[in-house]
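Here the structure comes first, spelled out in structure tokens, and everything after it is commentary.
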Amino acid sequence: MEHKDTRSLSPTTQEEIRLRAVRAVMEGRKQVEVAELFGITRQALGRWVKAYRERGEEALKGKPQGRPKGIALKGWQACKVIRKIIGNHPDQLRLPGCLWTRESIGELIENMFDIKLSRWTVGRYLRRWGLSPQKPLRRAYEQDPEAVQRWLNEEYPAIRKQAKKERTRIYWGDEMGIRSDHQAGRTWGYKGETPVVNDTGRRFQCNMISAITNGGQLNFMVFTGRFTTEVFLNFLDRLADQNKYKRIHLIVDQHPVHRSKRVRRFLASRKGRKIQMHFLPGYSPKLNPDEVLNQDVKTNAVGKKSFHKLEALMSTVRRFLHSRQKRPSVVARYFHEKHVRYAAA
């Protein structure tokens with residue numbers, strides 16, 4: 001027998017069918033017979049009977065169809081939720097996680113207004129409010145925002161003014177490690193089948209130290225082993241030699257090597273007096289234009305290639321940096337990035 005699809009019927013009609021079918025079973029008729037009589041499945045009738053025995057006729061009553069009525073946020077409530085989302089992280093409001101999701105925002109709304117919304121409804125609200133899921137920028141909690149503002153508004157402008165008066169260059173320096181298994185970019189393949197790139201199972205790395213100016217000058221060293229005071233002094237010595245007749249300003253982060261006693265002694269020496277070193281605020285790599293060069297090297301020199309030997313990795317990095325030295329306009333464009341644009345002038 002063909003079963004009827006009762007979902008298209010009104011809630012009242014569905015409720016009447018359930019009640020009549022269950023009463024017939026309670027009066028002693030077999031469930032198979034009743035199911036055939038009402039044109040419903042045996043399984044559905046079994047669920048109705050079980051629900052009736054547990055909770056009575058209340059369990060068989062019809063439920064409202066469609067989206068729930070009257071459950072909506074008022075304008076002032078929406079404004080409060082948006083301010084909470086934009087101004088805080090979930091863990092600051094004693095909610096799980098550090099990223100906002102539809103589930104955590106739904107929990108926030110329930111905590112604030114005792115209104116329970118599905119994740120789909122929360123998603124519709126978020127789109128209506130002009131919000132979208134985005135990859136966040138990570139900032140070290142140790143960073144001092146006041147020190148960053150002081151650097152941007154007072155310290156760096158003073159360095160720039162002094163360099164302009166002396167007609168000297170401002171270099172921005174940094175170091176980084178370069179691993180053979182660093183990967184950047186994507187390759188084409190069928191959906192659901194991740195492409196495989198054959199590579200060596202060995203991992204090796206070299207290190208790089210560099211310094212750039214907003215005029216496009218680039219100095220670098222590629223080396224193996226750890227970044228030590230000896231390596232940094234060697235780089236400073238070369239930087240001083242390449243700027244024989246002019247004093248330079250070098251801006252670096254607060255790495256322990258940069259602040260070591262041997263480096264301070266070198267800067268106080270006759271040759272070291274050509275270099276005046278300045279330190280960026282702690283935990284603020286985004287303020288250093290040389291970080292843009294680092295990303296350029298990782299993405300365009302290393303990330304899309306496969307290396308089987310350390311020598312090949314180092315040779316590729318050196319060739320790439322030499323090519324950038326020959327194109328100062330490219331180096332100067334590093335200073336056009338949003339976070340380091342303040343250093344372009």
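In the structure tokens, each chain is lettered A, B, ... as it comes, each chain's residues begin at 1, and ligands are numbered from 1 in order of appearance.
With only C-alpha atoms taken into account, the protein and nucleic acid residues at most 10 Å from Lys326 (chain A) (excluding it and anything under 5 positions from it in its own chain) are A:Gly216, A:Gln217, A:Leu218, A:Leu321, A:Val331.
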With only C-alpha atoms counted and 6 Å as the cut-off, give the residues of region 218-255 of chain A in contact with region 203-208 of chain A, each with its shortest interatomic distance in Å and the pair that gives it, as a tab-separated table.
```
residue	atom	partner	partner_atom	distance
A:Met221	CA	A:Met208	CA	5.7
A:Val222	CA	A:Met208	CA	4.5
A:Phe223	CA	A:Asn207	CA	5.3
A:Thr224	CA	A:Cys206	CA	4.9
```
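Here CA of Gln143 (chain A) and CA of Tyr334 (chain A) stand 23.4 Å from one another.
Nearest-residue note for Trp100 (chain A): choosing from A:Pro133, A:Tyr125, A:His322, A:Arg83, the minimum distance belongs to A:Pro133, counting only C-alpha atoms.
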Find the residues around region 170-174 of chain A up to 6 Å (only C-alpha atoms counted), leave out those fewer than 4 positions away in its own chain, and share them as a count of residues only. 10
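In this model, the gap between CA of His255 (chain A) and CA of Gln325 (chain A) comes to 25.6 Å.
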Counting only C-alpha atoms, the residue among A:Arg262, A:Arg169, A:Met314, A:Asn300 that lies closest to Ile275 (chain A) is A:Arg169
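Using only C-alpha atoms, the protein and nucleic acid residues lying no more than 12 Å from Leu93 (chain A), apart from those fewer than 3 places from it along its own chain, are Val81, Lys84, Ile85, Gly87, Asn88, His89, Pro90, Pro96, Gly97, Cys98, Leu99, Trp100, Ser104, Ile105, Glu107, Leu108, Ile109, Asn111 and Met112 of chain A.
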